[in-house]
Number of protein chains: 2
Amino acid sequence: MENRTIKAALLGIGTVGGGVYKLVKSLENEMVEKAGAALSICKILVRDVKKDRPGIPRELLTDNWKEIIEDPEIQLVVELMGGIEPARTYIIEALNAGKQVVTANKDLLAERGRELMEAADANSCDLQFEAAVAGAIPIIRPLKQSLAGNHLTEVMGIVNGTTNYILSKMSDEGMDYEEALAKATELGYAEADPTADVEGYDAGRKIAIMACLAFNSRVTFSQVYTEGITKISSKDIRYAHEFGYEIKLLGVARNDGDGIEVKVHPMLIPAEHPLATVKDSFNAVFVHGDAVDDAMFMGRGAGEMPTASAVMGDIIDEIRNLIHGCSGRVGCSCYKQLTVKPIEESVSRFFLRIRAANRPGVLAGIASVLGNNGVGIAQVVQKSKSRQAETAELVIITDQVKESGFQDAMTVLKSLSTVREIASCIRVY
Amino acid sequence: MENRTIKAALLGIGTVGGGVYKLVKSLENEMVEKAGAALSICKILVRDVKKDRPGIPRELLTDNWKEIIEDPEIQLVVELMGGIEPARTYIIEALNAGKQVVTANKDLLAERGRELMEAADANSCDLQFEAAVAGAIPIIRPLKQSLAGNHLTEVMGIVNGTTNYILSKMSDEGMDYEEALAKATELGYAEADPTADVEGYDAGRKIAIMACLAFNSRVTFSQVYTEGITKISSKDIRYAHEFGYEIKLLGVARNDGDGIEVKVHPMLIPAEHPLATVKDSFNAVFVHGDAVDDAMFMGRGAGEMPTASAVMGDIIDEIRNLIHGCSGRVGCSCYKQLTVKPIEESVSRFFLRIRAANRPGVLAGIASVLGNNGVGIAQVVQKSKSRQAETAELVIITDQVKESGFQDAMTVLKSLSTVREIASCIRVY
């Protein structure tokens, strides 16, 4: 094999880009032996070339995309800018110019994945995106390759570190939501505007991408039902513990043969389930398939070097593909057209916390409303501070029920004069 | 792309081979869309072609290796016979004939890996072996590809389901070793001769293979220090619980910069460590690297379909490589020559259970022997049934100490008249 150098450009040199640059440097002396060719970052696209960036040679910086797209020697473009535009345009142009692309851009993939993959396939180019889901955890390559011999039926993950940190603090230290969020913000785990994290949008984008790969059918973010953690109270978590559960924000994708369910919501999972032990800002993805049975992948879901680790794995793969002239080897894997089912059709168990009048017969009334609407009760606990208290708290875990039927039951429950408040309603694994 | 069919041969059609054959059938209708070509199993090598094998067409069977090796249409050989010979000869011959090889043969890889990889590289062929380590868990591809941007410093795994089942039963149900082993044998988790499992040889082969991939340097099974679980008592496990630990049989490989440590032995790991929660016959591999930080992969370590899942992932990868003419894309990754350190040089903490005379001053005597030999005490618990009891039980967890120094201290301890027995000596994470 001749002694080659693969020339690459980075788009963006923020946190992750800086990490990638460090890794490229740290692997400089062994890249030929490792991947078969040297790697040279020869251009870095930035908005402001004058900004001081310690450790990054100024001569690599450019604010002119044309210098990259029109340079035939650049065979690999690594997009780490984030956002929809101009990232989308740059990626499509790079693919159309026959360049390989590595990206960490989950927002873009979850909304415009089809378009990007089609551009890659049309040009026999690669579009790799291991870092877009669950940070450092190898999950894209396992889903597309290692587990390709399976019909997967479930992918379920803790794929947002911010909310997992918040829920861990609430569970382990009894903090309430606001206190835990403040702590997360202080430590830099939560952004100034935490909406995308706490409302489940970030997790929704990741589960949309994983659903595509797991079920070989296109799912976009707009098809994902999302529900965040802002309404979870420390009381819910205490009750969950009493029942032997932890509360986690989960991205869930299921394929039961008559369509795909894709959703993000808080969920009670048994304390002994592997996902229940995933704490703090760690991420984990749990997979079930007809051959593999259960498998789980855990690791850092974000951060400079963990995310750079995933990007670097893709870059090394690209070097190998370029040397062997086999770009496009693993293309778009969405070769099926499966229906994505609306949330109303999905089936769940529910944890209900109800504040009700503290007098005889109230539980019977509630139980009968649930029963009349086809909602079976699996477990129930009644709490009241004292006989004199005006209200009592009822905690119910239901049997499996279709969402639509359950919502009907809730409407009736709310209309009961004895029901003061349905304080919580959380799905149960 | 033209409509191609890749022709493959299976060597062996036992449990795993049968699973692979089932998966090939179950994916028949989507293989072209999935991998870019159809797959046809056109020969199966067996010892006895007359034996009845339900579901396997008799016309595929042959007991003549020449029918496979001399058939130029067969591009892929899947070796599932196990053992060193004739598997080694067949694999080398297949590679020399320009055929791609997928194998699940850990014994062979752990002892003759270099020779096999050299034959693969010399012929620009692939030798893939995802199923050789940790069954269904994608770990070979993550180590060789996804995590290739890291300098990994630690790989640690529960990679033997039999011993993990036994230790889980001892931990969760208080069984003693013999009872748990009997249960494992009854359920088919342990073989009639369980030596390779309970003495850590099976785990040793797997950690040797993983060490090669993690540190890019060749490690063979003969370089792995192995210690099994036969001496672990339910008492040790109870004490471990008191200190907040679980006992697991771990394969451990570390690269601290001045050489590689590779060993298999029981270990106390903190109850909150992700590996501590891996129960029953599940396997898990924990990885630490400079970029990825901590990551863990968990799943079924054995069994017909889980192992077939890993083999099938490799087969699909080979179909893609054959279509794109890029076999040998990811070759041998052992491009460094690192020293494998003897066990005496490794550093550990130890859990010691000592039966000693029940009289004043005994603990002081033991502590002073340890101290004089450079073994610090981190925690100690003294148990005795009553003041009248002739002996007391001391449980000590030491600070970090070099193995050689620790063994010297043990020699002196054993010579003390007050020390009746060093009942247990187990390493601590």
# chains A, B, ... in the order shown; residues from 1 in each chain; ligands from 1
$ closest_atom_pairs --of "chain B" --to "chain A" --cutoff "6 Å" --atoms "only C-alpha atoms" --output "Markdown table"
| residue | atom | partner | partner_atom | distance |
| --- | --- | --- | --- | --- |
| B:Ala136 | CA | A:Val292 | CA | 5.5 |
| B:Pro138 | CA | A:Ser146 | CA | 5.9 |
| B:Gln145 | CA | A:Gly313 | CA | 5.8 |
| B:Ser146 | CA | A:Gly313 | CA | 4.4 |
| B:Leu147 | CA | A:Gly313 | CA | 5.6 |
| B:Ala148 | CA | A:Gly313 | CA | 5.4 |
| B:Gly149 | CA | A:Met312 | CA | 5.1 |
| B:Ala291 | CA | A:Met305 | CA | 4.7 |
| B:Val292 | CA | A:Pro306 | CA | 4.3 |
| B:Asp294 | CA | A:Gly299 | CA | 5.8 |
| B:Ala295 | CA | A:Gly299 | CA | 4.1 |
| B:Met296 | CA | A:Met298 | CA | 5.0 |
| B:Phe297 | CA | A:Phe297 | CA | 4.7 |
| B:Met298 | CA | A:Met296 | CA | 5.0 |
| B:Gly299 | CA | A:Ala295 | CA | 4.1 |
| B:Met305 | CA | A:Ala291 | CA | 4.7 |
| B:Pro306 | CA | A:Val292 | CA | 4.3 |
| B:Ser309 | CA | A:Ala291 | CA | 5.4 |
| B:Met312 | CA | A:Gly149 | CA | 5.1 |
| B:Gly313 | CA | A:Ser146 | CA | 4.4 |
| B:His324 | CA | A:Cys326 | CA | 5.6 |
| B:Cys326 | CA | A:His324 | CA | 5.6 |
$ select_by_dssp --residues "segment 218-395 of chain B" --states "helix (DSSP H, G or I)" --output "ChimeraX atom specification"
/B:221-223,234-242,274-277,304-323,343-345,362-372
$ write_last_selection --atoms "C-alpha atoms" --output "PDB file, in the first residue's frame"
ATOM      1  CA  PHE B 221      -3.805 -17.111  26.193  1.00  0.00           C
ATOM      2  CA  SER B 222      -0.560 -18.507  27.600  1.00  0.00           C
ATOM      3  CA  GLN B 223       0.310 -14.993  28.823  1.00  0.00           C
ATOM      4  CA  SER B 234     -20.786 -18.050  50.332  1.00  0.00           C
ATOM      5  CA  LYS B 235     -19.143 -16.587  53.453  1.00  0.00           C
ATOM      6  CA  ASP B 236     -16.813 -14.491  51.268  1.00  0.00           C
ATOM      7  CA  ILE B 237     -19.802 -13.200  49.386  1.00  0.00           C
ATOM      8  CA  ARG B 238     -21.631 -12.309  52.617  1.00  0.00           C
ATOM      9  CA  TYR B 239     -18.616 -10.354  53.878  1.00  0.00           C
ATOM     10  CA  ALA B 240     -18.229  -8.682  50.472  1.00  0.00           C
ATOM     11  CA  HIS B 241     -21.851  -7.522  50.761  1.00  0.00           C
ATOM     12  CA  GLU B 242     -21.108  -6.089  54.226  1.00  0.00           C
ATOM     13  CA  PRO B 274     -22.171  -1.251  36.391  1.00  0.00           C
ATOM     14  CA  LEU B 275     -20.489  -4.682  36.221  1.00  0.00           C
ATOM     15  CA  ALA B 276     -21.840  -5.581  39.681  1.00  0.00           C
ATOM     16  CA  THR B 277     -25.395  -5.469  38.367  1.00  0.00           C
ATOM     17  CA  GLU B 304     -27.743 -20.633  19.925  1.00  0.00           C
ATOM     18  CA  MET B 305     -29.391 -17.452  18.631  1.00  0.00           C
ATOM     19  CA  PRO B 306     -27.339 -14.803  20.493  1.00  0.00           C
ATOM     20  CA  THR B 307     -24.102 -16.291  19.168  1.00  0.00           C
ATOM     21  CA  ALA B 308     -25.672 -16.661  15.724  1.00  0.00           C
ATOM     22  CA  SER B 309     -26.584 -12.946  15.892  1.00  0.00           C
ATOM     23  CA  ALA B 310     -22.888 -12.061  16.165  1.00  0.00           C
ATOM     24  CA  VAL B 311     -21.881 -14.466  13.379  1.00  0.00           C
ATOM     25  CA  MET B 312     -24.617 -13.086  11.143  1.00  0.00           C
ATOM     26  CA  GLY B 313     -23.441  -9.500  11.689  1.00  0.00           C
ATOM     27  CA  ASP B 314     -20.018 -10.569  10.432  1.00  0.00           C
ATOM     28  CA  ILE B 315     -21.519 -12.435   7.471  1.00  0.00           C
ATOM     29  CA  ILE B 316     -23.520  -9.368   6.417  1.00  0.00           C
ATOM     30  CA  ASP B 317     -20.362  -7.255   6.719  1.00  0.00           C
ATOM     31  CA  GLU B 318     -18.581  -9.755   4.472  1.00  0.00           C
ATOM     32  CA  ILE B 319     -21.341  -9.589   1.871  1.00  0.00           C
ATOM     33  CA  ARG B 320     -20.877  -5.814   1.804  1.00  0.00           C
ATOM     34  CA  ASN B 321     -17.095  -6.136   1.535  1.00  0.00           C
ATOM     35  CA  LEU B 322     -17.359  -8.701  -1.268  1.00  0.00           C
ATOM     36  CA  ILE B 323     -19.763  -6.536  -3.277  1.00  0.00           C
ATOM     37  CA  ILE B 343       1.281 -11.137  37.569  1.00  0.00           C
ATOM     38  CA  GLU B 344       3.937 -10.398  40.246  1.00  0.00           C
ATOM     39  CA  GLU B 345       4.262  -6.864  38.920  1.00  0.00           C
ATOM     40  CA  VAL B 362      -3.726 -11.100  67.575  1.00  0.00           C
ATOM     41  CA  LEU B 363      -5.059  -8.368  65.293  1.00  0.00           C
ATOM     42  CA  ALA B 364      -2.145  -6.157  66.296  1.00  0.00           C
ATOM     43  CA  GLY B 365       0.283  -8.932  65.368  1.00  0.00           C
ATOM     44  CA  ILE B 366      -1.295  -9.494  61.973  1.00  0.00           C
ATOM     45  CA  ALA B 367      -1.505  -5.766  61.282  1.00  0.00           C
ATOM     46  CA  SER B 368       2.134  -5.347  62.127  1.00  0.00           C
ATOM     47  CA  VAL B 369       3.224  -8.168  59.776  1.00  0.00           C
ATOM     48  CA  LEU B 370       1.207  -6.553  56.983  1.00  0.00           C
ATOM     49  CA  GLY B 371       2.579  -3.104  57.797  1.00  0.00           C
ATOM     50  CA  ASN B 372       6.180  -4.310  57.942  1.00  0.00           C
TER      51      ASN B 372
END
$ atom_distance --atom1 "atom CA of Glu79 of chain A" --atom2 "atom CA of Ser281 of chain A"
24.4 Å
$ closest_residue --among "B:Gln128, B:Asn29, B:Gln400, B:Gln407" --to "Gly113 of chain B" --atoms "only C-alpha atoms"
B:Gln128
$ residues_around --residues "segment 191-205 of chain B" --least-positions-apart "2" --cutoff "7 Å" --atoms "only C-alpha atoms" --output "PDB file with N, CA and C atoms, in the first residue's frame"
ATOM      1  N   LYS B 106     -12.843 -19.042  19.712  1.00  0.00           N
ATOM      2  CA  LYS B 106     -11.980 -18.274  20.629  1.00  0.00           C
ATOM      3  C   LYS B 106     -10.713 -19.024  21.015  1.00  0.00           C
ATOM      4  N   ASP B 107     -10.827 -20.363  21.167  1.00  0.00           N
ATOM      5  CA  ASP B 107      -9.639 -21.141  21.549  1.00  0.00           C
ATOM      6  C   ASP B 107      -8.532 -20.934  20.522  1.00  0.00           C
ATOM      7  N   ALA B 110      -7.208 -17.244  20.417  1.00  0.00           N
ATOM      8  CA  ALA B 110      -6.412 -16.849  21.587  1.00  0.00           C
ATOM      9  C   ALA B 110      -5.033 -17.493  21.552  1.00  0.00           C
ATOM     10  N   VAL B 159     -17.078 -12.337  31.152  1.00  0.00           N
ATOM     11  CA  VAL B 159     -17.165 -12.920  29.813  1.00  0.00           C
ATOM     12  C   VAL B 159     -17.372 -14.427  29.869  1.00  0.00           C
ATOM     13  N   ASN B 160     -17.779 -14.914  31.037  1.00  0.00           N
ATOM     14  CA  ASN B 160     -18.124 -16.323  31.151  1.00  0.00           C
ATOM     15  C   ASN B 160     -19.459 -16.446  31.875  1.00  0.00           C
ATOM     16  N   THR B 162     -21.290 -19.095  32.634  1.00  0.00           N
ATOM     17  CA  THR B 162     -21.428 -20.175  33.612  1.00  0.00           C
ATOM     18  C   THR B 162     -21.031 -19.694  35.005  1.00  0.00           C
ATOM     19  N   THR B 163     -19.837 -19.100  35.093  1.00  0.00           N
ATOM     20  CA  THR B 163     -19.374 -18.652  36.407  1.00  0.00           C
ATOM     21  C   THR B 163     -20.198 -17.473  36.912  1.00  0.00           C
ATOM     22  N   THR B 185     -25.230 -26.940  36.147  1.00  0.00           N
ATOM     23  CA  THR B 185     -25.094 -28.148  35.328  1.00  0.00           C
ATOM     24  C   THR B 185     -26.475 -28.658  34.917  1.00  0.00           C
ATOM     25  N   GLY B 188     -27.924 -26.804  32.137  1.00  0.00           N
ATOM     26  CA  GLY B 188     -27.158 -26.807  30.899  1.00  0.00           C
ATOM     27  C   GLY B 188     -26.233 -25.612  30.751  1.00  0.00           C
ATOM     28  N   TYR B 189     -26.116 -24.770  31.788  1.00  0.00           N
ATOM     29  CA  TYR B 189     -25.173 -23.642  31.718  1.00  0.00           C
ATOM     30  C   TYR B 189     -23.739 -24.122  31.914  1.00  0.00           C
ATOM     31  N   ILE B 207     -10.311 -12.651  27.199  1.00  0.00           N
ATOM     32  CA  ILE B 207      -9.618 -11.411  27.573  1.00  0.00           C
ATOM     33  C   ILE B 207      -8.314 -11.272  26.783  1.00  0.00           C
ATOM     34  N   ALA B 208      -7.694 -12.403  26.423  1.00  0.00           N
ATOM     35  CA  ALA B 208      -6.501 -12.315  25.556  1.00  0.00           C
ATOM     36  C   ALA B 208      -6.865 -11.672  24.218  1.00  0.00           C
ATOM     37  N   ILE B 209      -7.978 -12.122  23.636  1.00  0.00           N
ATOM     38  CA  ILE B 209      -8.411 -11.568  22.342  1.00  0.00           C
ATOM     39  C   ILE B 209      -8.743 -10.081  22.479  1.00  0.00           C
ATOM     40  N   PHE B 221      -3.223 -16.536  24.983  1.00  0.00           N
ATOM     41  CA  PHE B 221      -3.805 -17.111  26.193  1.00  0.00           C
ATOM     42  C   PHE B 221      -2.725 -17.529  27.183  1.00  0.00           C
ATOM     43  N   VAL B 224      -1.864 -15.113  29.904  1.00  0.00           N
ATOM     44  CA  VAL B 224      -2.914 -14.643  30.808  1.00  0.00           C
ATOM     45  C   VAL B 224      -2.830 -15.389  32.143  1.00  0.00           C
ATOM     46  N   THR B 226      -4.517 -16.903  35.207  1.00  0.00           N
ATOM     47  CA  THR B 226      -5.911 -17.294  35.464  1.00  0.00           C
ATOM     48  C   THR B 226      -6.075 -17.896  36.857  1.00  0.00           C
ATOM     49  N   GLU B 227      -7.157 -17.510  37.471  1.00  0.00           N
ATOM     50  CA  GLU B 227      -7.525 -18.019  38.786  1.00  0.00           C
ATOM     51  C   GLU B 227      -9.039 -18.149  38.751  1.00  0.00           C
ATOM     52  N   GLY B 228      -9.559 -19.303  39.152  1.00  0.00           N
ATOM     53  CA  GLY B 228     -10.992 -19.554  39.020  1.00  0.00           C
ATOM     54  C   GLY B 228     -11.794 -19.238  40.265  1.00  0.00           C
ATOM     55  N   ILE B 229     -13.025 -19.751  40.297  1.00  0.00           N
ATOM     56  CA  ILE B 229     -13.933 -19.398  41.394  1.00  0.00           C
ATOM     57  C   ILE B 229     -14.160 -20.543  42.368  1.00  0.00           C
ATOM     58  N   THR B 230     -13.420 -21.641  42.208  1.00  0.00           N
ATOM     59  CA  THR B 230     -13.741 -22.831  43.014  1.00  0.00           C
ATOM     60  C   THR B 230     -13.504 -22.611  44.505  1.00  0.00           C
ATOM     61  N   GLY B 251     -12.335 -10.892  33.664  1.00  0.00           N
ATOM     62  CA  GLY B 251     -11.158 -10.807  32.807  1.00  0.00           C
ATOM     63  C   GLY B 251     -10.718  -9.356  32.829  1.00  0.00           C
ATOM     64  N   LYS B 263      -5.269 -10.705  32.998  1.00  0.00           N
ATOM     65  CA  LYS B 263      -5.521 -11.719  34.011  1.00  0.00           C
ATOM     66  C   LYS B 263      -7.009 -12.005  34.159  1.00  0.00           C
ATOM     67  N   VAL B 264      -7.268 -13.158  34.698  1.00  0.00           N
ATOM     68  CA  VAL B 264      -8.645 -13.530  35.040  1.00  0.00           C
ATOM     69  C   VAL B 264      -8.626 -13.974  36.487  1.00  0.00           C
TER      70      VAL B 264
END
$ decode --residues "segment 106-169 of chain A" --atoms "C-alpha atoms" --output "mmCIF file, in the first residue's frame"
data_model
loop_
_atom_site.group_PDB
_atom_site.id
_atom_site.type_symbol
_atom_site.label_atom_id
_atom_site.label_comp_id
_atom_site.auth_asym_id
_atom_site.auth_seq_id
_atom_site.Cartn_x
_atom_site.Cartn_y
_atom_site.Cartn_z
ATOM 1 C CA LYS A 106 -28.773 14.917 15.384
ATOM 2 C CA ASP A 107 -31.213 17.779 14.759
ATOM 3 C CA LEU A 108 -30.489 17.668 11.053
ATOM 4 C CA LEU A 109 -30.517 13.877 10.779
ATOM 5 C CA ALA A 110 -33.770 13.536 12.707
ATOM 6 C CA GLU A 111 -35.529 15.978 10.396
ATOM 7 C CA ARG A 112 -33.805 15.653 7.032
ATOM 8 C CA GLY A 113 -32.139 12.261 7.315
ATOM 9 C CA ARG A 114 -33.764 10.831 4.199
ATOM 10 C CA GLU A 115 -32.561 13.672 1.988
ATOM 11 C CA LEU A 116 -29.029 13.377 3.325
ATOM 12 C CA MET A 117 -28.858 9.602 2.970
ATOM 13 C CA GLU A 118 -30.250 9.818 -0.553
ATOM 14 C CA ALA A 119 -27.552 12.306 -1.493
ATOM 15 C CA ALA A 120 -24.931 9.996 -0.002
ATOM 16 C CA ASP A 121 -26.257 6.932 -1.832
ATOM 17 C CA ALA A 122 -26.645 8.809 -5.127
ATOM 18 C CA ASN A 123 -22.965 9.729 -4.994
ATOM 19 C CA SER A 124 -21.776 6.402 -3.562
ATOM 20 C CA CYS A 125 -20.470 8.372 -0.642
ATOM 21 C CA ASP A 126 -20.602 7.731 3.071
ATOM 22 C CA LEU A 127 -22.527 9.748 5.605
ATOM 23 C CA GLN A 128 -21.517 8.589 9.063
ATOM 24 C CA PHE A 129 -23.031 9.862 12.297
ATOM 25 C CA GLU A 130 -22.030 7.756 15.308
ATOM 26 C CA ALA A 131 -21.709 10.878 17.472
ATOM 27 C CA ALA A 132 -25.266 12.045 16.742
ATOM 28 C CA VAL A 133 -26.785 9.570 19.193
ATOM 29 C CA ALA A 134 -25.635 8.818 22.727
ATOM 30 C CA GLY A 135 -22.255 10.521 22.445
ATOM 31 C CA ALA A 136 -19.359 8.134 22.926
ATOM 32 C CA ILE A 137 -21.479 4.992 22.939
ATOM 33 C CA PRO A 138 -21.040 2.901 19.809
ATOM 34 C CA ILE A 139 -24.674 2.429 18.799
ATOM 35 C CA ILE A 140 -25.038 3.442 15.133
ATOM 36 C CA ARG A 141 -22.438 0.924 13.900
ATOM 37 C CA PRO A 142 -23.821 -1.879 16.123
ATOM 38 C CA LEU A 143 -27.357 -1.223 14.835
ATOM 39 C CA LYS A 144 -26.352 -0.980 11.158
ATOM 40 C CA GLN A 145 -23.770 -3.753 11.187
ATOM 41 C CA SER A 146 -23.221 -5.953 14.250
ATOM 42 C CA LEU A 147 -26.927 -6.521 14.888
ATOM 43 C CA ALA A 148 -27.962 -6.506 11.224
ATOM 44 C CA GLY A 149 -28.786 -10.212 11.430
ATOM 45 C CA ASN A 150 -31.679 -9.487 13.769
ATOM 46 C CA HIS A 151 -35.223 -8.396 13.480
ATOM 47 C CA LEU A 152 -35.114 -5.876 16.299
ATOM 48 C CA THR A 153 -38.372 -5.287 18.138
ATOM 49 C CA GLU A 154 -37.372 -2.728 20.753
ATOM 50 C CA VAL A 155 -34.841 0.043 21.248
ATOM 51 C CA MET A 156 -35.101 1.957 24.469
ATOM 52 C CA GLY A 157 -32.651 4.453 25.794
ATOM 53 C CA ILE A 158 -31.610 7.014 28.315
ATOM 54 C CA VAL A 159 -30.206 9.336 25.676
ATOM 55 C CA ASN A 160 -30.268 12.714 27.392
ATOM 56 C CA GLY A 161 -27.656 13.253 30.071
ATOM 57 C CA THR A 162 -29.163 16.472 31.439
ATOM 58 C CA THR A 163 -32.480 14.923 32.379
ATOM 59 C CA ASN A 164 -30.820 11.772 33.670
ATOM 60 C CA TYR A 165 -28.648 13.908 35.922
ATOM 61 C CA ILE A 166 -31.722 15.763 37.199
ATOM 62 C CA LEU A 167 -33.703 12.559 37.827
ATOM 63 C CA SER A 168 -30.669 10.922 39.503
ATOM 64 C CA LYS A 169 -30.346 13.855 41.902
#
